[in-house]
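K.L.:
Got data.txt for you, compact mmCIF, C-alpha atoms and all ligand atoms:
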```txt
# COMPACT_ATOMS: atom_id res chain seq x y z
CA MET A 1 -25.06 -35.98 -78.70
CA THR A 2 -27.72 -33.51 -77.67
CA THR A 3 -26.37 -30.12 -76.69
CA THR A 4 -27.17 -29.48 -73.03
CA ILE A 5 -27.74 -26.27 -71.13
CA ARG A 6 -24.31 -26.81 -69.56
CA ASP A 7 -22.62 -26.95 -72.96
CA VAL A 8 -24.23 -23.63 -73.86
CA ALA A 9 -23.24 -22.12 -70.50
CA ALA A 10 -19.62 -23.19 -70.99
CA ALA A 11 -19.54 -21.83 -74.54
CA ALA A 12 -21.01 -18.51 -73.42
CA ASP A 13 -18.89 -18.45 -70.26
CA VAL A 14 -21.96 -18.02 -68.01
CA SER A 15 -23.78 -20.22 -65.49
CA PRO A 16 -26.52 -22.65 -66.61
CA ALA A 17 -28.93 -20.57 -64.53
CA THR A 18 -28.10 -17.54 -66.65
CA VAL A 19 -28.81 -19.54 -69.81
CA SER A 20 -32.17 -20.57 -68.33
CA ARG A 21 -32.97 -16.97 -67.36
CA VAL A 22 -32.19 -15.75 -70.87
CA LEU A 23 -34.38 -18.46 -72.45
CA ASN A 24 -37.25 -17.96 -69.99
CA GLY A 25 -37.20 -14.21 -70.37
CA ARG A 26 -38.55 -13.90 -66.83
CA VAL A 27 -35.64 -11.92 -65.38
CA GLU A 28 -33.71 -9.15 -67.11
CA VAL A 29 -30.19 -10.36 -67.98
CA ARG A 30 -27.25 -8.01 -68.69
CA ALA A 31 -27.24 -7.30 -72.41
CA ASP A 32 -23.71 -8.60 -73.06
CA LEU A 33 -24.42 -11.90 -71.24
CA ARG A 34 -27.73 -12.25 -73.06
CA GLU A 35 -26.00 -11.72 -76.40
CA ARG A 36 -23.36 -14.35 -75.61
CA VAL A 37 -26.01 -16.87 -74.57
CA LEU A 38 -28.22 -16.32 -77.63
CA ALA A 39 -25.15 -16.57 -79.91
CA ALA A 40 -24.14 -19.86 -78.31
CA VAL A 41 -27.72 -21.19 -78.47
CA ALA A 42 -27.94 -20.37 -82.18
CA GLU A 43 -24.46 -21.63 -82.97
CA MET A 44 -24.94 -24.95 -81.14
CA GLY A 45 -28.54 -25.45 -82.21
CA TYR A 46 -29.47 -25.85 -78.54
CA ARG A 47 -33.08 -26.74 -77.84
CA PRO A 48 -34.22 -26.44 -74.19
CA ASN A 49 -35.99 -29.21 -72.30
CA GLY A 50 -33.19 -31.80 -72.41
CA PRO A 51 -34.28 -35.46 -72.39
CA ALA A 52 -38.01 -34.92 -73.08
CA ARG A 53 -37.13 -32.73 -76.04
CA SER A 54 -34.51 -35.16 -77.32
CA LEU A 55 -37.45 -37.50 -77.97
CA ARG A 56 -38.27 -35.25 -80.86
CA THR A 57 -36.27 -35.23 -84.07
CA ARG A 58 -36.51 -31.46 -84.54
CA ALA A 59 -37.90 -28.89 -82.17
CA THR A 60 -39.27 -25.45 -82.82
CA THR A 61 -39.50 -22.29 -80.79
CA VAL A 62 -43.20 -21.97 -81.56
CA PHE A 63 -46.02 -22.15 -78.98
CA GLY A 64 -49.50 -23.11 -80.08
CA ILE A 65 -52.41 -21.25 -78.49
CA ILE A 66 -55.84 -22.88 -78.76
CA ILE A 67 -58.74 -20.73 -77.52
CA THR A 68 -62.46 -21.32 -77.82
CA ASP A 69 -63.72 -18.02 -79.25
CA VAL A 70 -61.40 -15.82 -81.24
CA GLN A 71 -64.09 -13.08 -81.36
CA ASN A 72 -64.29 -12.81 -77.56
CA PRO A 73 -62.16 -9.90 -76.27
CA PHE A 74 -61.38 -11.87 -73.12
CA PHE A 75 -59.39 -14.40 -75.12
CA THR A 76 -57.63 -11.92 -77.39
CA SER A 77 -56.48 -9.92 -74.37
CA MET A 78 -55.23 -13.13 -72.76
CA VAL A 79 -53.42 -14.03 -75.99
CA ARG A 80 -51.66 -10.65 -75.77
CA GLY A 81 -50.27 -11.69 -72.39
CA ILE A 82 -49.13 -15.02 -73.82
CA GLU A 83 -47.47 -13.54 -76.87
CA ASP A 84 -45.60 -10.77 -75.03
CA THR A 85 -44.18 -13.29 -72.56
CA ALA A 86 -43.30 -15.81 -75.26
CA GLN A 87 -41.61 -13.19 -77.45
CA ARG A 88 -39.46 -12.02 -74.54
CA ALA A 89 -38.14 -15.57 -74.21
CA GLY A 90 -37.48 -15.91 -77.93
CA TYR A 91 -40.63 -17.90 -78.80
CA SER A 92 -43.25 -17.22 -81.48
CA VAL A 93 -46.92 -18.13 -81.19
CA VAL A 94 -49.62 -19.39 -83.54
CA LEU A 95 -53.30 -18.95 -82.67
CA ALA A 96 -56.13 -21.45 -83.25
CA ASN A 97 -59.86 -21.13 -82.59
CA SER A 98 -61.67 -24.29 -81.46
CA ASP A 99 -65.12 -22.61 -81.39
CA GLU A 100 -66.02 -24.56 -78.22
CA ASP A 101 -65.93 -27.66 -80.46
CA PRO A 102 -63.98 -30.62 -78.94
CA GLU A 103 -63.44 -32.24 -82.35
CA LYS A 104 -62.00 -29.05 -83.79
CA GLU A 105 -59.87 -28.67 -80.68
CA GLN A 106 -58.54 -32.21 -81.13
CA ARG A 107 -57.59 -31.49 -84.73
CA TYR A 108 -55.57 -28.47 -83.60
CA LEU A 109 -53.87 -30.52 -80.86
CA GLU A 110 -52.77 -32.93 -83.58
CA VAL A 111 -51.50 -30.08 -85.73
CA ALA A 112 -49.44 -28.83 -82.78
CA ALA A 113 -47.95 -32.32 -82.38
CA ALA A 114 -47.27 -32.77 -86.09
CA GLU A 115 -45.60 -29.36 -86.23
CA GLN A 116 -43.46 -30.28 -83.23
CA MET A 117 -44.51 -27.14 -81.38
CA ALA A 118 -42.48 -26.38 -78.27
CA GLY A 119 -45.60 -26.20 -76.10
CA VAL A 120 -49.35 -25.47 -76.14
CA VAL A 121 -51.54 -23.08 -74.15
CA LEU A 122 -55.09 -24.48 -74.23
CA ALA A 123 -58.46 -23.13 -73.14
CA PRO A 124 -60.28 -26.48 -73.12
CA ALA A 125 -63.59 -26.84 -74.97
CA GLN A 126 -64.52 -29.89 -72.88
CA PRO A 127 -64.16 -30.96 -69.22
CA SER A 128 -61.75 -33.83 -69.73
CA SER A 129 -59.36 -34.31 -72.57
CA ARG A 130 -58.61 -37.98 -73.00
CA ARG A 131 -56.43 -37.09 -75.91
CA LEU A 132 -53.74 -34.73 -74.57
CA GLU A 133 -51.44 -37.74 -74.93
CA THR A 134 -51.04 -36.64 -78.56
CA LEU A 135 -48.74 -33.95 -77.17
CA LEU A 136 -47.63 -35.21 -73.77
CA ASP A 137 -46.27 -38.47 -75.19
CA ARG A 138 -44.03 -36.40 -77.47
CA GLY A 139 -42.72 -34.37 -74.56
CA ILE A 140 -44.71 -31.32 -75.68
CA PRO A 141 -45.94 -29.56 -72.51
CA VAL A 142 -49.50 -28.21 -72.25
CA VAL A 143 -50.82 -25.54 -69.88
CA THR A 144 -54.58 -24.95 -69.63
CA VAL A 145 -55.99 -21.45 -69.13
CA ASP A 146 -59.36 -20.09 -68.02
CA ARG A 147 -60.84 -23.57 -67.61
CA ARG A 148 -59.62 -26.74 -65.92
CA LEU A 149 -59.26 -30.20 -67.45
CA ARG A 150 -60.27 -33.03 -65.10
CA GLY A 151 -57.67 -35.74 -64.75
CA ALA A 152 -55.05 -34.16 -66.99
CA PRO A 153 -51.53 -33.94 -65.47
CA VAL A 154 -51.00 -30.39 -66.73
CA ASP A 155 -50.51 -26.94 -65.17
CA SER A 156 -53.44 -24.53 -65.19
CA VAL A 157 -54.10 -20.81 -64.66
CA THR A 158 -57.69 -19.88 -63.85
CA VAL A 159 -59.63 -17.47 -61.66
CA ASN A 160 -61.83 -18.53 -58.76
CA ASN A 161 -65.03 -18.65 -60.80
CA HIS A 162 -67.14 -19.97 -57.94
CA LYS A 163 -66.15 -17.14 -55.60
CA ALA A 164 -66.50 -14.47 -58.28
CA ALA A 165 -70.04 -15.61 -59.12
CA HIS A 166 -70.86 -15.88 -55.40
CA ASP A 167 -69.66 -12.28 -54.88
CA ALA A 168 -71.68 -11.02 -57.87
CA THR A 169 -74.87 -12.69 -56.68
CA THR A 170 -74.36 -11.66 -53.04
CA HIS A 171 -73.93 -8.08 -54.22
CA LEU A 172 -77.37 -8.23 -55.89
CA ILE A 173 -78.90 -9.70 -52.73
CA GLU A 174 -77.34 -6.91 -50.66
CA ARG A 175 -78.92 -4.45 -53.09
CA GLY A 176 -82.29 -5.90 -52.04
CA ARG A 177 -82.97 -7.95 -55.20
CA ARG A 178 -84.86 -11.19 -54.71
CA ARG A 179 -85.82 -12.36 -58.21
CA ILE A 180 -82.23 -12.86 -59.36
CA ALA A 181 -81.69 -14.64 -62.68
CA ILE A 182 -78.50 -16.06 -64.12
CA ILE A 183 -77.58 -16.53 -67.75
CA ALA A 184 -75.13 -19.44 -67.43
CA GLY A 185 -72.52 -20.46 -70.00
CA LEU A 186 -71.70 -23.92 -71.34
CA LEU A 187 -71.88 -26.31 -68.41
CA LYS A 188 -69.31 -28.60 -70.06
CA THR A 189 -66.71 -25.95 -69.17
CA THR A 190 -65.54 -25.21 -65.64
CA THR A 191 -66.18 -21.50 -66.19
CA GLY A 192 -69.80 -22.30 -67.02
CA SER A 193 -70.40 -24.84 -64.27
CA ARG A 194 -68.46 -23.07 -61.49
CA ARG A 195 -70.15 -19.71 -62.07
CA LEU A 196 -73.59 -21.35 -61.93
CA ALA A 197 -72.57 -23.14 -58.72
CA GLY A 198 -71.35 -19.88 -57.18
CA TYR A 199 -74.67 -18.20 -58.02
CA LYS A 200 -76.66 -21.01 -56.39
CA ALA A 201 -74.40 -21.10 -53.32
CA ALA A 202 -74.85 -17.35 -52.77
CA LEU A 203 -78.64 -17.70 -52.80
CA LYS A 204 -78.48 -20.64 -50.39
CA ASP A 205 -76.02 -18.78 -48.10
CA ALA A 206 -78.54 -15.92 -47.93
CA GLY A 207 -81.38 -18.33 -47.10
CA LEU A 208 -83.02 -17.77 -50.47
CA ALA A 209 -84.52 -20.49 -52.65
CA VAL A 210 -82.86 -21.47 -55.93
CA ASP A 211 -85.67 -21.27 -58.44
CA ASP A 212 -84.94 -22.92 -61.80
CA GLU A 213 -87.20 -20.46 -63.59
CA PHE A 214 -84.44 -17.89 -62.98
CA VAL A 215 -81.70 -20.11 -64.44
CA VAL A 216 -81.18 -20.02 -68.22
CA LEU A 217 -78.38 -21.95 -69.91
CA ALA A 218 -76.70 -20.22 -72.86
CA ASP A 219 -73.50 -20.50 -74.84
CA PHE A 220 -71.10 -17.69 -73.88
CA ARG A 221 -72.15 -15.89 -77.07
CA LEU A 222 -74.01 -12.63 -77.70
CA GLU A 223 -77.03 -14.25 -79.37
CA GLY A 224 -77.35 -16.71 -76.49
CA GLY A 225 -77.41 -13.90 -73.93
CA TYR A 226 -79.97 -12.00 -75.99
CA ALA A 227 -82.37 -14.92 -76.38
CA ALA A 228 -81.98 -15.94 -72.73
CA THR A 229 -82.88 -12.45 -71.56
CA LYS A 230 -85.96 -12.24 -73.79
CA ASP A 231 -87.03 -15.60 -72.39
CA LEU A 232 -86.50 -14.50 -68.78
CA LEU A 233 -88.38 -11.23 -69.23
CA ARG A 234 -91.30 -13.03 -70.80
CA ARG A 235 -91.80 -15.75 -68.22
CA ALA A 236 -89.85 -14.98 -65.02
CA HIS A 237 -89.87 -11.19 -64.57
CA PRO A 238 -86.53 -10.96 -62.73
CA ASP A 239 -85.50 -7.85 -60.76
CA ALA A 240 -81.80 -8.68 -61.26
CA LEU A 241 -79.69 -10.42 -63.88
CA PHE A 242 -76.23 -12.01 -63.58
CA ALA A 243 -74.90 -12.60 -67.10
CA SER A 244 -71.91 -14.87 -66.65
CA ASN A 245 -69.65 -13.70 -69.44
CA ASN A 246 -69.00 -10.58 -71.51
CA LEU A 247 -70.70 -11.51 -74.78
CA MET A 248 -73.84 -12.83 -73.07
CA THR A 249 -73.93 -9.59 -71.05
CA LEU A 250 -73.85 -7.57 -74.27
CA GLY A 251 -76.71 -9.67 -75.67
CA ALA A 252 -78.67 -9.21 -72.45
CA LEU A 253 -78.22 -5.44 -72.53
CA GLN A 254 -79.50 -5.33 -76.10
CA ALA A 255 -82.59 -7.34 -75.13
CA LEU A 256 -83.24 -5.20 -72.03
CA SER A 257 -82.92 -2.05 -74.12
CA GLU A 258 -85.34 -3.37 -76.76
CA GLU A 259 -87.89 -4.16 -74.05
CA GLY A 260 -87.55 -0.70 -72.53
CA VAL A 261 -86.32 -2.11 -69.20
CA ALA A 262 -84.78 0.53 -66.89
CA ILE A 263 -81.40 -0.43 -65.40
CA PRO A 264 -81.12 -0.74 -62.40
CA GLU A 265 -84.64 0.48 -61.47
CA ASP A 266 -86.47 -2.44 -63.12
CA VAL A 267 -83.59 -4.90 -63.44
CA ALA A 268 -80.12 -4.63 -61.86
CA VAL A 269 -77.39 -6.10 -64.07
CA VAL A 270 -74.02 -7.68 -63.24
CA GLY A 271 -71.73 -8.95 -66.00
CA PHE A 272 -68.68 -11.24 -65.97
CA ASP A 273 -65.47 -10.02 -67.69
CA ASP A 274 -64.97 -6.31 -67.40
CA ILE A 275 -64.65 -4.87 -70.89
CA SER A 276 -63.49 -1.52 -72.16
CA TRP A 277 -67.06 -0.54 -73.10
CA ALA A 278 -68.43 -1.26 -69.58
CA THR A 279 -67.85 2.32 -68.43
CA ALA A 280 -69.22 3.79 -71.66
CA LEU A 281 -72.67 2.38 -70.93
CA ARG A 282 -75.42 4.38 -69.21
CA PRO A 283 -75.48 3.36 -66.43
CA PRO A 284 -71.92 1.99 -66.36
CA LEU A 285 -71.85 -1.79 -65.93
CA THR A 286 -71.10 -3.60 -62.67
CA ALA A 287 -68.92 -6.56 -63.66
CA VAL A 288 -66.47 -9.18 -62.44
CA GLN A 289 -63.01 -8.19 -63.65
CA GLN A 290 -60.72 -11.04 -64.74
CA PRO A 291 -56.93 -10.49 -64.70
CA THR A 292 -56.95 -11.44 -68.37
CA TYR A 293 -53.47 -10.37 -69.41
CA GLU A 294 -51.99 -11.87 -66.22
CA ILE A 295 -53.65 -15.23 -66.92
CA GLY A 296 -51.79 -15.30 -70.25
CA ARG A 297 -48.53 -14.15 -68.77
CA ARG A 298 -48.52 -16.66 -65.89
CA ALA A 299 -49.52 -19.54 -68.17
CA THR A 300 -46.64 -18.79 -70.52
CA GLU A 301 -44.17 -18.64 -67.65
CA LEU A 302 -45.32 -22.09 -66.52
CA LEU A 303 -44.93 -23.36 -70.08
CA LEU A 304 -41.42 -21.91 -70.33
CA ASP A 305 -40.47 -23.67 -67.10
CA ARG A 306 -41.71 -26.97 -68.55
CA VAL A 307 -39.85 -26.36 -71.80
CA ALA A 308 -36.70 -25.69 -69.76
CA GLY A 309 -37.10 -29.17 -68.26
CA ASP A 310 -39.01 -28.51 -65.00
CA GLY A 311 -40.47 -31.90 -64.12
CA SER A 312 -42.23 -30.92 -60.86
CA PRO A 313 -45.89 -31.97 -60.26
CA PRO A 314 -48.64 -29.94 -62.03
CA ARG A 315 -49.23 -26.46 -60.63
CA HIS A 316 -52.69 -24.85 -60.49
CA ILE A 317 -52.53 -21.07 -60.23
CA VAL A 318 -55.85 -19.49 -59.21
CA LEU A 319 -55.92 -15.71 -59.65
CA PRO A 320 -58.44 -13.38 -57.97
CA ALA A 321 -61.30 -11.92 -59.99
CA GLU A 322 -62.69 -8.70 -58.53
CA LEU A 323 -66.27 -7.39 -58.60
CA VAL A 324 -66.22 -3.78 -59.85
CA VAL A 325 -69.43 -2.07 -58.68
CA ARG A 326 -70.88 0.61 -60.97
CA GLY A 327 -74.26 2.12 -61.78
CA SER A 328 -76.01 -0.92 -63.26
CA THR A 329 -76.63 -2.28 -59.76
O1 LIG A 401 -65.89 -14.21 -71.84
C1 LIG A 401 -64.85 -15.11 -71.61
C2 LIG A 401 -65.11 -15.81 -70.35
O2 LIG A 401 -66.33 -16.46 -70.48
C3 LIG A 401 -64.08 -16.89 -70.16
O3 LIG A 401 -63.94 -17.13 -68.79
C4 LIG A 401 -64.67 -18.04 -70.89
O4 LIG A 401 -64.41 -19.28 -70.28
C5 LIG A 401 -66.14 -17.78 -70.82
O5 LIG A 401 -66.63 -18.45 -69.72
```
Would you mind giving the structure from this file in structure tokens?

P.N.:
Amino acid sequence: MTTTIRDVAAAADVSPATVSRVLNGRVEVRADLRERVLAAVAEMGYRPNGPARSLRTRATTVFGIIITDVQNPFFTSMVRGIEDTAQRAGYSVVLANSDEDPEKEQRYLEVAAAEQMAGVVLAPAQPSSRRLETLLDRGIPVVTVDRRLRGAPVDSVTVNNHKAAHDATTHLIERGRRRIAIIAGLLKTTTGSRRLAGYKAALKDAGLAVDDEFVVLADFRLEGGYAATKDLLRRAHPDALFASNNLMTLGALQALSEEGVAIPEDVAVVGFDDISWATALRPPLTAVQQPTYEIGRRATELLLDRVAGDGSPPRHIVLPAELVVRGST
């Protein structure tokens, strides 16, 4: 017979809700009660998530995290939020880098299934994942972060990318710029496509034309931002640049510096993802700030709820991303 949360509660002489609170780590529990619960859990080999989990022969207290660029500080800061929250609830994490490659991502999803991980936090490398069944059929919950997966019955934690990009572009318009370029990210991701859409909507809302010569598609990487900026300077002569993620912004700044472009006199610059070095720049960078740590924390809380057996419909948490105005605009 599978040990249930009620068996553990009886053994520890606490309520099932207290057992759930101890395992979720979301609310502080009195130390003596927490000790009793953890002792009972260990002693009885209790694994949360009742029936779904009983589908699995053995379960672990390990969460898999699959991100798309392990060298991007946005993701590592988000992973910090995931790990802290998981640790507090007694879970460990393992980190995988899909490199924006759907095939590599799929291989890691299969590893998570084979290793019977308790759950997976995924930043999807593609817009729809036909193959989450690898995990969902085994009762392994998945939460997506940063990007959405179309048609997947899973929770998600993202920011409002469309609004953030709209705010960034509107800010440049209000600063009197009219030749506003965007360096867009991978359009197969919702962060890439929604930021581009927000940029275009802001121009339209201001009665300005959307001119494709000011739109360059890149890859969320430094080199992509660098090459895109060189290309824009050569053929489009923008007076403003919205680089829609941190690494592309860094590449753009390197290209602007090489070309002797004065910021903001010649070209005003807005980045996406506020980074520690933004204020060290001269002039300091105007950027959209993502609640990176919070994205990780909230996603892990959702995953813990699923592991504890929460069978409610998928939840989509959308956190605010704030434009921080500094000297580069
Ligand atoms: O720099 C990281 C951000 O840019 C994330 O939102 C990621 O999706 C990429 O778009």

K.L.:
Enumerate, in order of chain and increasing residue number, the residues of chain A with an atom no farther than 6 Å from ligand LIG 401 (chain A), each with its shortest atom pair and distance in Å to one decimal, counting only C-alpha atoms and all ligand atoms, as JSON lines.

P.N.:
```
{"residue": "A:Phe74", "atom": "CA", "partner": "A:LIG401", "partner_atom": "C1", "distance": 5.0}
{"residue": "A:Asp146", "atom": "CA", "partner": "A:LIG401", "partner_atom": "O3", "distance": 5.5}
{"residue": "A:Thr191", "atom": "CA", "partner": "A:LIG401", "partner_atom": "O5", "distance": 4.7}
{"residue": "A:Gly192", "atom": "CA", "partner": "A:LIG401", "partner_atom": "O5", "distance": 5.7}
{"residue": "A:Phe220", "atom": "CA", "partner": "A:LIG401", "partner_atom": "C5", "distance": 5.8}
{"residue": "A:Asn245", "atom": "CA", "partner": "A:LIG401", "partner_atom": "O2", "distance": 4.4}
{"residue": "A:Asn246", "atom": "CA", "partner": "A:LIG401", "partner_atom": "O1", "distance": 4.8}
{"residue": "A:Asp273", "atom": "CA", "partner": "A:LIG401", "partner_atom": "O1", "distance": 5.9}
```

K.L.:
Counting all atoms listed in the file, what is within 10 Å of Ala9 of chain A, bar same-chain residues fewer than 3 positions away, as a VMD selection string?

P.N.:
chain A and resid 4 to 6 12 to 20 36 to 37 40 to 41

K.L.:
Can you write out the residues you just picked, keeping C-alpha atoms, as a CSV table (one decimal), in the coordinates of the input?

P.N.:
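Result file is part-v1.csv:
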```csv
chain,number,residue,atom,x,y,z
A,4,THR,CA,-27.2,-29.5,-73.0
A,5,ILE,CA,-27.7,-26.3,-71.1
A,6,ARG,CA,-24.3,-26.8,-69.6
A,12,ALA,CA,-21.0,-18.5,-73.4
A,13,ASP,CA,-18.9,-18.4,-70.3
A,14,VAL,CA,-22.0,-18.0,-68.0
A,15,SER,CA,-23.8,-20.2,-65.5
A,16,PRO,CA,-26.5,-22.6,-66.6
A,17,ALA,CA,-28.9,-20.6,-64.5
A,18,THR,CA,-28.1,-17.5,-66.6
A,19,VAL,CA,-28.8,-19.5,-69.8
A,20,SER,CA,-32.2,-20.6,-68.3
A,36,ARG,CA,-23.4,-14.4,-75.6
A,37,VAL,CA,-26.0,-16.9,-74.6
A,40,ALA,CA,-24.1,-19.9,-78.3
A,41,VAL,CA,-27.7,-21.2,-78.5
```

K.L.:
Which residue is closest to Ser156 of chain A? Choose from A:Ala96, A:Val120, A:Ala228, A:Leu136 and count only C-alpha atoms.

P.N.:
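Nearest to Ser156 of chain A: A:Val120.
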
K.L.:
Restricting the calculation to only C-alpha atoms, which member of A:Thr144, A:Thr249, A:Thr60, A:Ser92 is positioned closest to Arg298 of chain A?

P.N.:
A:Thr144

K.L.:
Using all atoms listed in the file, determine which residues lie at most 8 Å from segment 282-286 of chain A, disregarding the query and same-chain residues fewer than 4 positions distant; provide the list as a list in words.

P.N.:
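Surrounding residues, per the criterion: Ile263, Val269, Val270, Gly271, Ala278, Leu323, Val324, Val325, Arg326, Gly327, Ser328 and Thr329 of chain A.
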
K.L.:
For the point (-71.5, -18.8, -73.7) in file coordinates, what residues are within 6 Å, counting all atoms listed in the file? Give the answer as a list in words?

P.N.:
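Output: Gly185, Leu186, Ala218, Asp219, Phe220 and Arg221 of chain A.
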
K.L.:
Of the candidates A:Ala113, A:Pro153, A:His166, A:Leu122, which one gets nearest to Thr134 of chain A if we count only C-alpha atoms?

P.N.:
A:Ala113

K.L.:
Write out as a PDB file with C-alpha atoms, in the coordinates of the input which residues come within 10 Å of Val145 of chain A when counting only C-alpha atoms, dropping same-chain ones fewer than 6 positions away.

P.N.:
```
ATOM      1  CA  ILE A  66     -55.840 -22.880 -78.760  1.00  0.00           C
ATOM      2  CA  ILE A  67     -58.740 -20.730 -77.520  1.00  0.00           C
ATOM      3  CA  PHE A  75     -59.390 -14.400 -75.120  1.00  0.00           C
ATOM      4  CA  MET A  78     -55.230 -13.130 -72.760  1.00  0.00           C
ATOM      5  CA  VAL A 121     -51.540 -23.080 -74.150  1.00  0.00           C
ATOM      6  CA  LEU A 122     -55.090 -24.480 -74.230  1.00  0.00           C
ATOM      7  CA  ALA A 123     -58.460 -23.130 -73.140  1.00  0.00           C
ATOM      8  CA  PRO A 124     -60.280 -26.480 -73.120  1.00  0.00           C
ATOM      9  CA  ASP A 155     -50.510 -26.940 -65.170  1.00  0.00           C
ATOM     10  CA  SER A 156     -53.440 -24.530 -65.190  1.00  0.00           C
ATOM     11  CA  VAL A 157     -54.100 -20.810 -64.660  1.00  0.00           C
ATOM     12  CA  THR A 158     -57.690 -19.880 -63.850  1.00  0.00           C
ATOM     13  CA  VAL A 159     -59.630 -17.470 -61.660  1.00  0.00           C
ATOM     14  CA  ILE A 295     -53.650 -15.230 -66.920  1.00  0.00           C
ATOM     15  CA  GLY A 296     -51.790 -15.300 -70.250  1.00  0.00           C
ATOM     16  CA  ARG A 298     -48.520 -16.660 -65.890  1.00  0.00           C
ATOM     17  CA  ALA A 299     -49.520 -19.540 -68.170  1.00  0.00           C
ATOM     18  CA  THR A 300     -46.640 -18.790 -70.520  1.00  0.00           C
ATOM     19  CA  HIS A 316     -52.690 -24.850 -60.490  1.00  0.00           C
ATOM     20  CA  ILE A 317     -52.530 -21.070 -60.230  1.00  0.00           C
TER      21      ILE A 317
END
```

K.L.:
Enter the distance from atom CA of Ala89 of chain A to atom CA of Asn24 of chain A, in Å, rounded to one decimal.

P.N.:
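Straight-line distance from atom CA of Ala89 of chain A to atom CA of Asn24 of chain A works out to 4.9 Å.
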
K.L.:
With only C-alpha atoms as the basis for distance, which of A:Thr61, A:Ser77, A:Gln126, A:Gln116 is at the shortest distance from Gly90 of chain A?

P.N.:
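Closest to Gly90 of chain A of all the choices is A:Thr61.
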
K.L.:
Write out as a ChimeraX atom specification each polymer residue whose atoms come within 8 Å of Leu250 of chain A, counting all atoms listed in the file; drop sequence neighbours fewer than 3 positions from it.

P.N.:
/A:222,225-226,246-247,253-254

K.L.:
Quick one, how far is atom CA of Thr169 of chain A from atom CA of Tyr199 of chain A?

P.N.:
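According to the coordinates, atom CA of Thr169 of chain A and atom CA of Tyr199 of chain A are separated by 5.7 Å.
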
K.L.:
Nearest to Leu149 of chain A among A:Val22, A:Ala168, A:Val29, A:Ala125, with distances taken over only C-alpha atoms: which residue is it?

P.N.:
A:Ala125

K.L.:
Using only C-alpha atoms, find the one residue out of A:Gln289, A:Ser276, A:Ser312, A:Gln106 that sits nearest to Pro73 of chain A.

P.N.:
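Checking each candidate against Pro73 of chain A, we get A:Ser276 as the closest.
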
K.L.:
One decimal, in Å: what's the spacing between atom CA of Ile275 of chain A and atom CA of Glu322 of chain A?

P.N.:
13.1 Å

K.L.:
Please put the answer as AutoDock Vina command-line options: centre and edge lengths, in Å with one decimal, of a box along x, y and z that encloses all listed atoms of segment 262-279 of chain A plus 5 Å on each side.

P.N.:
```
--center_x -75.0 --center_y -4.5 --center_z -67.3 --size_x 33.0 --size_y 23.6 --size_z 21.6
```
